[in-house]
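Colleague: Got a file for you: model-v7.pdb, PDB, N, CA and C atoms and all ligand atoms.
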```pdb
ATOM      1  N   MET A   8      11.616 -87.284  -5.322
ATOM      2  CA  MET A   8      10.578 -87.421  -6.346
ATOM      3  C   MET A   8       9.256 -86.878  -5.809
ATOM      4  N   THR A   9       8.461 -86.379  -6.723
ATOM      5  CA  THR A   9       7.180 -85.777  -6.365
ATOM      6  C   THR A   9       6.048 -86.748  -6.667
ATOM      7  N   PRO A  10       5.130 -86.945  -5.719
ATOM      8  CA  PRO A  10       3.975 -87.784  -6.031
ATOM      9  C   PRO A  10       3.111 -87.102  -7.078
ATOM     10  N   LEU A  11       2.710 -87.850  -8.103
ATOM     11  CA  LEU A  11       1.972 -87.233  -9.203
ATOM     12  C   LEU A  11       0.484 -87.498  -9.158
ATOM     13  N   ILE A  12       0.105 -88.732  -8.832
ATOM     14  CA  ILE A  12      -1.303 -89.095  -8.914
ATOM     15  C   ILE A  12      -1.504 -90.403  -8.152
ATOM     16  N   ALA A  13      -2.673 -90.568  -7.584
ATOM     17  CA  ALA A  13      -2.989 -91.835  -6.928
ATOM     18  C   ALA A  13      -3.157 -92.918  -7.989
ATOM     19  N   LEU A  14      -2.637 -94.088  -7.715
ATOM     20  CA  LEU A  14      -2.734 -95.195  -8.673
ATOM     21  C   LEU A  14      -4.186 -95.454  -9.068
ATOM     22  N   ALA A  15      -5.102 -95.313  -8.124
ATOM     23  CA  ALA A  15      -6.511 -95.599  -8.390
ATOM     24  C   ALA A  15      -7.122 -94.653  -9.425
ATOM     25  N   GLU A  16      -6.480 -93.518  -9.660
ATOM     26  CA  GLU A  16      -7.015 -92.568 -10.643
ATOM     27  C   GLU A  16      -6.663 -92.955 -12.073
ATOM     28  N   LEU A  17      -5.793 -93.943 -12.219
ATOM     29  CA  LEU A  17      -5.410 -94.387 -13.560
ATOM     30  C   LEU A  17      -6.253 -95.588 -13.952
ATOM     31  N   GLY A  18      -6.930 -95.457 -15.085
ATOM     32  CA  GLY A  18      -7.730 -96.563 -15.595
ATOM     33  C   GLY A  18      -7.193 -97.008 -16.941
ATOM     34  N   SER A  19      -8.082 -97.285 -17.865
ATOM     35  CA  SER A  19      -7.658 -97.785 -19.164
ATOM     36  C   SER A  19      -7.271 -96.657 -20.130
ATOM     37  N   LYS A  20      -7.615 -95.418 -19.776
ATOM     38  CA  LYS A  20      -7.320 -94.280 -20.657
ATOM     39  C   LYS A  20      -6.006 -93.609 -20.256
ATOM     40  N   PRO A  21      -5.259 -93.070 -21.220
ATOM     41  CA  PRO A  21      -4.057 -92.304 -20.885
ATOM     42  C   PRO A  21      -4.438 -91.050 -20.090
ATOM     43  N   VAL A  22      -3.552 -90.666 -19.171
ATOM     44  CA  VAL A  22      -3.803 -89.494 -18.331
ATOM     45  C   VAL A  22      -2.615 -88.546 -18.455
ATOM     46  N   ARG A  23      -2.918 -87.280 -18.689
ATOM     47  CA  ARG A  23      -1.869 -86.259 -18.796
ATOM     48  C   ARG A  23      -1.619 -85.657 -17.414
ATOM     49  N   VAL A  24      -0.348 -85.529 -17.043
ATOM     50  CA  VAL A  24       0.010 -84.863 -15.792
ATOM     51  C   VAL A  24       1.181 -83.923 -16.069
ATOM     52  N   GLU A  25       1.250 -82.862 -15.298
ATOM     53  CA  GLU A  25       2.381 -81.947 -15.402
ATOM     54  C   GLU A  25       3.422 -82.328 -14.370
ATOM     55  N   HIS A  26       4.678 -82.288 -14.780
ATOM     56  CA  HIS A  26       5.782 -82.565 -13.861
ATOM     57  C   HIS A  26       6.846 -81.510 -14.127
ATOM     58  N   GLY A  27       6.850 -80.454 -13.325
ATOM     59  CA  GLY A  27       7.764 -79.351 -13.583
ATOM     60  C   GLY A  27       7.458 -78.740 -14.937
ATOM     61  N   MET A  28       8.478 -78.668 -15.784
ATOM     62  CA  MET A  28       8.317 -78.076 -17.114
ATOM     63  C   MET A  28       7.822 -79.094 -18.137
ATOM     64  N   LEU A  29       7.701 -80.344 -17.722
ATOM     65  CA  LEU A  29       7.342 -81.401 -18.667
ATOM     66  C   LEU A  29       5.876 -81.792 -18.548
ATOM     67  N   ASP A  30       5.286 -82.100 -19.683
ATOM     68  CA  ASP A  30       3.975 -82.734 -19.690
ATOM     69  C   ASP A  30       4.200 -84.215 -19.934
ATOM     70  N   LEU A  31       3.604 -85.020 -19.077
ATOM     71  CA  LEU A  31       3.754 -86.472 -19.175
ATOM     72  C   LEU A  31       2.417 -87.101 -19.478
ATOM     73  N   VAL A  32       2.480 -88.278 -20.090
ATOM     74  CA  VAL A  32       1.287 -89.104 -20.227
ATOM     75  C   VAL A  32       1.562 -90.399 -19.456
ATOM     76  N   LEU A  33       0.610 -90.737 -18.588
ATOM     77  CA  LEU A  33       0.708 -91.968 -17.804
ATOM     78  C   LEU A  33      -0.296 -92.971 -18.332
ATOM     79  N   VAL A  34       0.151 -94.214 -18.443
ATOM     80  CA  VAL A  34      -0.760 -95.284 -18.835
ATOM     81  C   VAL A  34      -0.582 -96.435 -17.850
ATOM     82  N   ARG A  35      -1.680 -97.126 -17.612
ATOM     83  CA  ARG A  35      -1.645 -98.232 -16.657
ATOM     84  C   ARG A  35      -2.007 -99.521 -17.365
ATOM     85  N   GLN A  36      -1.207-100.533 -17.073
ATOM     86  CA  GLN A  36      -1.476-101.872 -17.612
ATOM     87  C   GLN A  36      -1.394-102.826 -16.434
ATOM     88  N   GLY A  37      -2.539-103.217 -15.909
ATOM     89  CA  GLY A  37      -2.547-104.053 -14.709
ATOM     90  C   GLY A  37      -1.972-103.283 -13.543
ATOM     91  N   ASP A  38      -0.953-103.851 -12.902
ATOM     92  CA  ASP A  38      -0.322-103.173 -11.768
ATOM     93  C   ASP A  38       0.852-102.309 -12.198
ATOM     94  N   GLU A  39       1.130-102.268 -13.488
ATOM     95  CA  GLU A  39       2.262-101.480 -13.977
ATOM     96  C   GLU A  39       1.796-100.135 -14.520
ATOM     97  N   VAL A  40       2.649 -99.123 -14.318
ATOM     98  CA  VAL A  40       2.370 -97.792 -14.850
ATOM     99  C   VAL A  40       3.594 -97.347 -15.656
ATOM    100  N   PHE A  41       3.336 -96.715 -16.791
ATOM    101  CA  PHE A  41       4.412 -96.235 -17.652
ATOM    102  C   PHE A  41       4.239 -94.738 -17.869
ATOM    103  N   ALA A  42       5.376 -94.053 -17.937
ATOM    104  CA  ALA A  42       5.366 -92.595 -18.127
ATOM    105  C   ALA A  42       6.161 -92.243 -19.373
ATOM    106  N   LEU A  43       5.552 -91.463 -20.237
ATOM    107  CA  LEU A  43       6.208 -90.984 -21.454
ATOM    108  C   LEU A  43       6.001 -89.480 -21.556
ATOM    109  N   GLU A  44       6.882 -88.822 -22.329
ATOM    110  CA  GLU A  44       6.642 -87.418 -22.607
ATOM    111  C   GLU A  44       5.364 -87.324 -23.438
ATOM    112  N   ASP A  45       4.533 -86.356 -23.100
ATOM    113  CA  ASP A  45       3.221 -86.259 -23.747
ATOM    114  C   ASP A  45       3.319 -85.464 -25.044
ATOM    115  N   ARG A  46       4.148 -85.966 -25.947
ATOM    116  CA  ARG A  46       4.287 -85.311 -27.248
ATOM    117  C   ARG A  46       4.725 -86.348 -28.271
ATOM    118  N   CYS A  47       3.987 -86.472 -29.320
ATOM    119  CA  CYS A  47       4.352 -87.413 -30.381
ATOM    120  C   CYS A  47       5.669 -86.966 -31.013
ATOM    121  N   SER A  48       6.518 -87.935 -31.349
ATOM    122  CA  SER A  48       7.798 -87.590 -31.975
ATOM    123  C   SER A  48       7.634 -87.224 -33.447
ATOM    124  N   HIS A  49       6.469 -87.443 -34.001
ATOM    125  CA  HIS A  49       6.226 -87.111 -35.411
ATOM    126  C   HIS A  49       5.653 -85.714 -35.582
ATOM    127  N   GLY A  50       4.908 -85.252 -34.593
ATOM    128  CA  GLY A  50       4.305 -83.927 -34.644
ATOM    129  C   GLY A  50       4.075 -83.446 -33.229
ATOM    130  N   ASP A  51       3.807 -82.190 -33.098
ATOM    131  CA  ASP A  51       3.691 -81.603 -31.760
ATOM    132  C   ASP A  51       2.251 -81.743 -31.258
ATOM    133  N   VAL A  52       1.838 -82.975 -31.043
ATOM    134  CA  VAL A  52       0.492 -83.214 -30.516
ATOM    135  C   VAL A  52       0.597 -84.132 -29.305
ATOM    136  N   PRO A  53      -0.326 -83.992 -28.354
ATOM    137  CA  PRO A  53      -0.254 -84.802 -27.139
ATOM    138  C   PRO A  53      -0.701 -86.248 -27.371
ATOM    139  N   LEU A  54       0.141 -87.159 -26.899
ATOM    140  CA  LEU A  54      -0.215 -88.579 -26.994
ATOM    141  C   LEU A  54      -1.322 -88.950 -26.017
ATOM    142  N   SER A  55      -1.511 -88.125 -25.009
ATOM    143  CA  SER A  55      -2.552 -88.427 -23.999
ATOM    144  C   SER A  55      -3.955 -88.387 -24.610
ATOM    145  N   GLU A  56      -4.076 -87.828 -25.803
ATOM    146  CA  GLU A  56      -5.390 -87.801 -26.451
ATOM    147  C   GLU A  56      -5.587 -88.997 -27.375
ATOM    148  N   GLY A  57      -4.593 -89.899 -27.380
ATOM    149  CA  GLY A  57      -4.705 -91.104 -28.197
ATOM    150  C   GLY A  57      -5.244 -92.270 -27.384
ATOM    151  N   GLU A  58      -5.171 -93.440 -27.982
ATOM    152  CA  GLU A  58      -5.690 -94.650 -27.352
ATOM    153  C   GLU A  58      -4.535 -95.512 -26.864
ATOM    154  N   PHE A  59      -4.784 -96.253 -25.785
ATOM    155  CA  PHE A  59      -3.784 -97.168 -25.245
ATOM    156  C   PHE A  59      -4.359 -98.580 -25.219
ATOM    157  N   ALA A  60      -3.610 -99.504 -25.798
ATOM    158  CA  ALA A  60      -4.027-100.909 -25.772
ATOM    159  C   ALA A  60      -2.812-101.797 -25.997
ATOM    160  N   LYS A  61      -2.777-102.907 -25.277
ATOM    161  CA  LYS A  61      -1.754-103.942 -25.472
ATOM    162  C   LYS A  61      -0.338-103.380 -25.461
ATOM    163  N   GLY A  62      -0.066-102.491 -24.524
ATOM    164  CA  GLY A  62       1.286-101.979 -24.367
ATOM    165  C   GLY A  62       1.691-100.923 -25.361
ATOM    166  N   ARG A  63       0.740-100.476 -26.170
ATOM    167  CA  ARG A  63       1.076 -99.469 -27.183
ATOM    168  C   ARG A  63       0.147 -98.267 -27.095
ATOM    169  N   LEU A  64       0.770 -97.115 -27.219
ATOM    170  CA  LEU A  64       0.028 -95.855 -27.181
ATOM    171  C   LEU A  64      -0.042 -95.323 -28.606
ATOM    172  N   GLU A  65      -1.248 -95.066 -29.063
ATOM    173  CA  GLU A  65      -1.453 -94.659 -30.452
ATOM    174  C   GLU A  65      -1.678 -93.152 -30.548
ATOM    175  N   CYS A  66      -0.931 -92.520 -31.442
ATOM    176  CA  CYS A  66      -1.134 -91.100 -31.704
ATOM    177  C   CYS A  66      -2.427 -90.923 -32.501
ATOM    178  N   TRP A  67      -3.243 -89.997 -32.057
ATOM    179  CA  TRP A  67      -4.556 -89.800 -32.678
ATOM    180  C   TRP A  67      -4.459 -89.142 -34.056
ATOM    181  N   LEU A  68      -3.321 -88.454 -34.338
ATOM    182  CA  LEU A  68      -3.282 -87.664 -35.567
ATOM    183  C   LEU A  68      -2.996 -88.510 -36.818
ATOM    184  N   HIS A  69      -1.899 -89.290 -36.786
ATOM    185  CA  HIS A  69      -1.556 -90.091 -37.967
ATOM    186  C   HIS A  69      -1.468 -91.583 -37.668
ATOM    187  N   GLY A  70      -1.710 -91.968 -36.440
ATOM    188  CA  GLY A  70      -1.816 -93.393 -36.135
ATOM    189  C   GLY A  70      -0.547 -94.116 -35.775
ATOM    190  N   SER A  71       0.576 -93.412 -35.607
ATOM    191  CA  SER A  71       1.768 -94.106 -35.122
ATOM    192  C   SER A  71       1.498 -94.668 -33.732
ATOM    193  N   THR A  72       2.130 -95.795 -33.444
ATOM    194  CA  THR A  72       2.018 -96.359 -32.102
ATOM    195  C   THR A  72       3.407 -96.419 -31.488
ATOM    196  N   PHE A  73       3.439 -96.354 -30.155
ATOM    197  CA  PHE A  73       4.699 -96.347 -29.416
ATOM    198  C   PHE A  73       4.637 -97.393 -28.313
ATOM    199  N   ASP A  74       5.729 -98.152 -28.186
ATOM    200  CA  ASP A  74       5.876 -99.114 -27.095
ATOM    201  C   ASP A  74       6.035 -98.318 -25.799
ATOM    202  N   VAL A  75       5.132 -98.505 -24.851
ATOM    203  CA  VAL A  75       5.185 -97.659 -23.654
ATOM    204  C   VAL A  75       6.359 -98.014 -22.747
ATOM    205  N   ARG A  76       6.960 -99.201 -22.921
ATOM    206  CA  ARG A  76       8.126 -99.554 -22.094
ATOM    207  C   ARG A  76       9.382 -98.837 -22.577
ATOM    208  N   THR A  77       9.513 -98.692 -23.896
ATOM    209  CA  THR A  77      10.752 -98.141 -24.460
ATOM    210  C   THR A  77      10.570 -96.784 -25.130
ATOM    211  N   GLY A  78       9.347 -96.462 -25.493
ATOM    212  CA  GLY A  78       9.081 -95.241 -26.246
ATOM    213  C   GLY A  78       9.331 -95.396 -27.729
ATOM    214  N   ALA A  79       9.773 -96.556 -28.165
ATOM    215  CA  ALA A  79      10.095 -96.769 -29.582
ATOM    216  C   ALA A  79       8.824 -96.801 -30.429
ATOM    217  N   PRO A  80       8.901 -96.212 -31.624
ATOM    218  CA  PRO A  80       7.741 -96.300 -32.513
ATOM    219  C   PRO A  80       7.595 -97.727 -33.032
ATOM    220  N   THR A  81       6.354 -98.181 -33.114
ATOM    221  CA  THR A  81       6.098 -99.540 -33.601
ATOM    222  C   THR A  81       5.267 -99.515 -34.870
ATOM    223  N   CYS A  82       4.961 -98.309 -35.346
ATOM    224  CA  CYS A  82       4.145 -98.172 -36.551
ATOM    225  C   CYS A  82       4.410 -96.787 -37.142
ATOM    226  N   PRO A  83       4.648 -96.684 -38.473
ATOM    227  CA  PRO A  83       4.891 -95.377 -39.084
ATOM    228  C   PRO A  83       3.637 -94.499 -39.038
ATOM    229  N   PRO A  84       3.805 -93.195 -39.259
ATOM    230  CA  PRO A  84       4.963 -92.527 -39.847
ATOM    231  C   PRO A  84       6.057 -92.118 -38.851
ATOM    232  N   ALA A  85       5.849 -92.184 -37.556
ATOM    233  CA  ALA A  85       6.894 -91.773 -36.611
ATOM    234  C   ALA A  85       8.085 -92.728 -36.720
ATOM    235  N   VAL A  86       9.298 -92.173 -36.646
ATOM    236  CA  VAL A  86      10.505 -92.997 -36.684
ATOM    237  C   VAL A  86      11.379 -92.779 -35.454
ATOM    238  N   ALA A  87      11.147 -91.688 -34.735
ATOM    239  CA  ALA A  87      11.950 -91.380 -33.548
ATOM    240  C   ALA A  87      11.187 -91.813 -32.297
ATOM    241  N   PRO A  88      11.929 -92.200 -31.255
ATOM    242  CA  PRO A  88      11.274 -92.605 -30.017
ATOM    243  C   PRO A  88      10.740 -91.405 -29.232
ATOM    244  N   VAL A  89       9.846 -91.713 -28.317
ATOM    245  CA  VAL A  89       9.351 -90.739 -27.347
ATOM    246  C   VAL A  89      10.092 -91.010 -26.032
ATOM    247  N   ARG A  90      10.421 -89.958 -25.308
ATOM    248  CA  ARG A  90      11.131 -90.144 -24.027
ATOM    249  C   ARG A  90      10.259 -90.909 -23.039
ATOM    250  N   THR A  91      10.890 -91.797 -22.297
ATOM    251  CA  THR A  91      10.202 -92.521 -21.228
ATOM    252  C   THR A  91      10.914 -92.226 -19.911
ATOM    253  N   PHE A  92      10.211 -92.441 -18.820
ATOM    254  CA  PHE A  92      10.753 -92.109 -17.509
ATOM    255  C   PHE A  92      10.435 -93.237 -16.523
ATOM    256  N   PRO A  93      11.363 -93.507 -15.579
ATOM    257  CA  PRO A  93      11.121 -94.561 -14.591
ATOM    258  C   PRO A  93       9.962 -94.183 -13.662
ATOM    259  N   VAL A  94       9.146 -95.176 -13.366
ATOM    260  CA  VAL A  94       7.980 -94.987 -12.496
ATOM    261  C   VAL A  94       8.145 -95.837 -11.240
ATOM    262  N   THR A  95       7.784 -95.262 -10.126
ATOM    263  CA  THR A  95       7.741 -95.983  -8.862
ATOM    264  C   THR A  95       6.349 -95.813  -8.269
ATOM    265  N   ILE A  96       5.840 -96.875  -7.670
ATOM    266  CA  ILE A  96       4.561 -96.782  -6.964
ATOM    267  C   ILE A  96       4.844 -97.019  -5.495
ATOM    268  N   ASP A  97       4.472 -96.047  -4.680
ATOM    269  CA  ASP A  97       4.762 -96.104  -3.251
ATOM    270  C   ASP A  97       3.551 -95.648  -2.467
ATOM    271  N   ASP A  98       3.501 -96.053  -1.217
ATOM    272  CA  ASP A  98       2.379 -95.651  -0.375
ATOM    273  C   ASP A  98       2.564 -94.233   0.150
ATOM    274  N   VAL A  99       1.513 -93.434   0.051
ATOM    275  CA  VAL A  99       1.477 -92.113   0.686
ATOM    276  C   VAL A  99       0.252 -92.111   1.579
ATOM    277  N   ASP A 100       0.464 -92.174   2.863
ATOM    278  CA  ASP A 100      -0.636 -92.243   3.831
ATOM    279  C   ASP A 100      -1.591 -93.383   3.502
ATOM    280  N   GLY A 101      -1.031 -94.521   3.105
ATOM    281  CA  GLY A 101      -1.833 -95.696   2.832
ATOM    282  C   GLY A 101      -2.420 -95.757   1.439
ATOM    283  N   THR A 102      -2.138 -94.752   0.607
ATOM    284  CA  THR A 102      -2.672 -94.719  -0.754
ATOM    285  C   THR A 102      -1.545 -95.008  -1.757
ATOM    286  N   PRO A 103      -1.668 -96.066  -2.549
ATOM    287  CA  PRO A 103      -0.655 -96.293  -3.582
ATOM    288  C   PRO A 103      -0.594 -95.098  -4.540
ATOM    289  N   THR A 104       0.576 -94.549  -4.708
ATOM    290  CA  THR A 104       0.752 -93.296  -5.431
ATOM    291  C   THR A 104       1.873 -93.437  -6.448
ATOM    292  N   VAL A 105       1.698 -92.778  -7.584
ATOM    293  CA  VAL A 105       2.655 -92.876  -8.685
ATOM    294  C   VAL A 105       3.683 -91.741  -8.578
ATOM    295  N   PHE A 106       4.954 -92.139  -8.647
ATOM    296  CA  PHE A 106       6.070 -91.204  -8.682
ATOM    297  C   PHE A 106       6.811 -91.417 -10.006
ATOM    298  N   VAL A 107       7.265 -90.336 -10.610
ATOM    299  CA  VAL A 107       8.026 -90.433 -11.859
ATOM    300  C   VAL A 107       9.359 -89.733 -11.667
ATOM    301  N   GLU A 108      10.431 -90.407 -12.059
ATOM    302  CA  GLU A 108      11.766 -89.832 -11.935
ATOM    303  C   GLU A 108      12.170 -89.188 -13.254
ATOM    304  N   ILE A 109      12.400 -87.895 -13.200
ATOM    305  CA  ILE A 109      12.861 -87.169 -14.378
ATOM    306  C   ILE A 109      14.374 -87.030 -14.287
ATOM    307  N   GLY A 110      15.078 -87.582 -15.284
ATOM    308  CA  GLY A 110      16.534 -87.562 -15.229
ATOM    309  C   GLY A 110      17.139 -86.243 -15.546
TER     310      GLY A 110
HETATM  311  S1  LIG A 201       1.685 -86.470 -35.183
HETATM  312 FE1  LIG A 201       1.711 -88.413 -34.224
HETATM  313  S2  LIG A 201       1.887 -89.807 -35.879
HETATM  314 FE2  LIG A 201       1.909 -87.866 -36.830
END
```
Output the file's structure in the form of structure tokens.

Modeller:
Amino acid sequence: MTPLIALAELGSKPVRVEHGMLDLVLVRQGDEVFALEDRCSHGDVPLSEGEFAKGRLECWLHGSTFDVRTGAPTCPPAVAPVRTFPVTIDDVDGTPTVFVEIG
């Protein structure tokens, strides 16, 4: 796995990172980090430009929200899930760092 970003760089806002051919959006909730594909399942827009609160990432275009643990839509108009990926946080030279596993 490739280290993507230092944990300290993640705050309350979604962060877009590139991982190979994929664009990911990372969100942090306390000590947990979640990784989703950075594309709304309803339209081809990046979710990283939306808002994150209470475990849900909101698409800025039409307002669908997605559960960041499962990628499932929790509010219309989106009906399809967004891909999610396992996240690991590990030390790299003493710095907690986020790793994402792409299956
Ligand atoms: S493009 Fe995201 S809800 Fe429509």

Colleague: Give me every strand (DSSP E or B) residue in range 71-108 of chain A, going by DSSP on the backbone, as a list in words.

Modeller: Thr72, Phe73, Asp74, Pro80, Thr81, Cys82, Thr91, Phe92, Val94, Thr95, Ile96, Asp97, Asp98, Val99, Thr102, Pro103, Thr104, Val105, Phe106 and Val107 of chain A

Colleague: Might you pull out every residue within 7 Å of Gly70 in chain A, with only N, CA and C atoms counted and same-chain residues fewer than 2 positions away left off, and present them as a PyMOL selection string?

Modeller: chain A and resi 65-68+72+82-85

Colleague: What is the CA of Leu14 in chain A to CA of Val105 in chain A distance in Å?

Modeller: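 Taking CA of Leu14 in chain A and CA of Val105 in chain A, their separation equals 5.9 Å.
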
Colleague: Given the file shown, enumerate the residues that the PyMOL selection byres (((chain A and resi 77) around 8) and not hetatm) captures and present them as number ranges by chain.

Modeller: A: 73-76, 78-80, 88-92

Colleague: Kindly indicate which residue among A:Ser48, A:Thr9, A:Ser19, A:Ser55 lies nearest to ligand LIG 201 (chain A), using only N, CA and C atoms and all ligand atoms for the distances.

Modeller: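 Answer, going by the shortest atom-to-atom distance: A:Ser48.
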
Colleague: Under the rule that only C-alpha atoms are counted, which of A:Val40, A:Ala13, A:Ile109, A:Cys47 is the nearest residue to Thr95 in chain A?

Modeller: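 Using only C-alpha atoms, the shortest distance to Thr95 in chain A belongs to A:Val40.
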
Colleague: Can you report as AutoDock Vina command-line options the centre and edge lengths in Å, to one decimal, of an axis-aligned box around the listed atoms of ligand LIG 201 (chain A) padded with 8 Å on each side?

Modeller:
```
--center_x 1.8 --center_y -88.1 --center_z -35.5 --size_x 16.2 --size_y 19.3 --size_z 18.6
```

Colleague: CA of Phe59 in chain A and CA of Asp38 in chain A are how many Å apart?

Modeller: 15.2 Å

Colleague: Restricting the calculation to only N, CA and C atoms, which member of A:Leu31, A:Gly110, A:Thr104, A:Val86 is positioned closest to Leu11 in chain A?

Modeller: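 Comparing A:Leu31, A:Gly110, A:Thr104, A:Val86 against Leu11 in chain A, the winner is A:Thr104.
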
Colleague: Separation of atom N of Pro21 in chain A and CA of Val52 in chain A, in Å?

Modeller: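 One can read the atom N of Pro21 in chain A to CA of Val52 in chain A distance as 14.7 Å.
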
Colleague: Quick one: pick out all helix (DSSP H, G or I) residues within chain A from a backbone DSSP run and write them as a list in words.

Modeller: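 Answer for chain A, restricted to helix (DSSP H, G or I): Leu14, Ala15, Glu16, Leu54, Ser55 and Glu56 of chain A.
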
Colleague: Measuring between all atoms listed in the file, which one of A:Glu39, A:Asp51, A:Glu58, A:Asp100 shows the shortest distance to ligand LIG 201 (chain A)?

Modeller: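 With all atoms listed in the file as the atom set, the closest residue is A:Asp51.
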
Colleague: Hey, which of A:Ala15, A:Val34, A:Met8, A:Ala60 ends up closest to Glu108 in chain A? Count all atoms listed in the file.

Modeller: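 Closest residue, counting all atoms listed in the file: A:Met8.
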
Colleague: Go through A:Thr102, A:Gln36, A:Ser71, A:Thr81 and flag the residue nearest ligand LIG 201 (chain A), using all atoms listed in the file for the distances.

Modeller: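 Distance minimum relative to ligand LIG 201 (chain A) lands on A:Ser71.
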
Colleague: Using all atoms listed in the file, which residues sit within 7 Å of Asp30 in chain A once same-chain residues fewer than 3 positions away are excluded, as a ChimeraX atom specification?

Modeller: /A:23-27,43-46
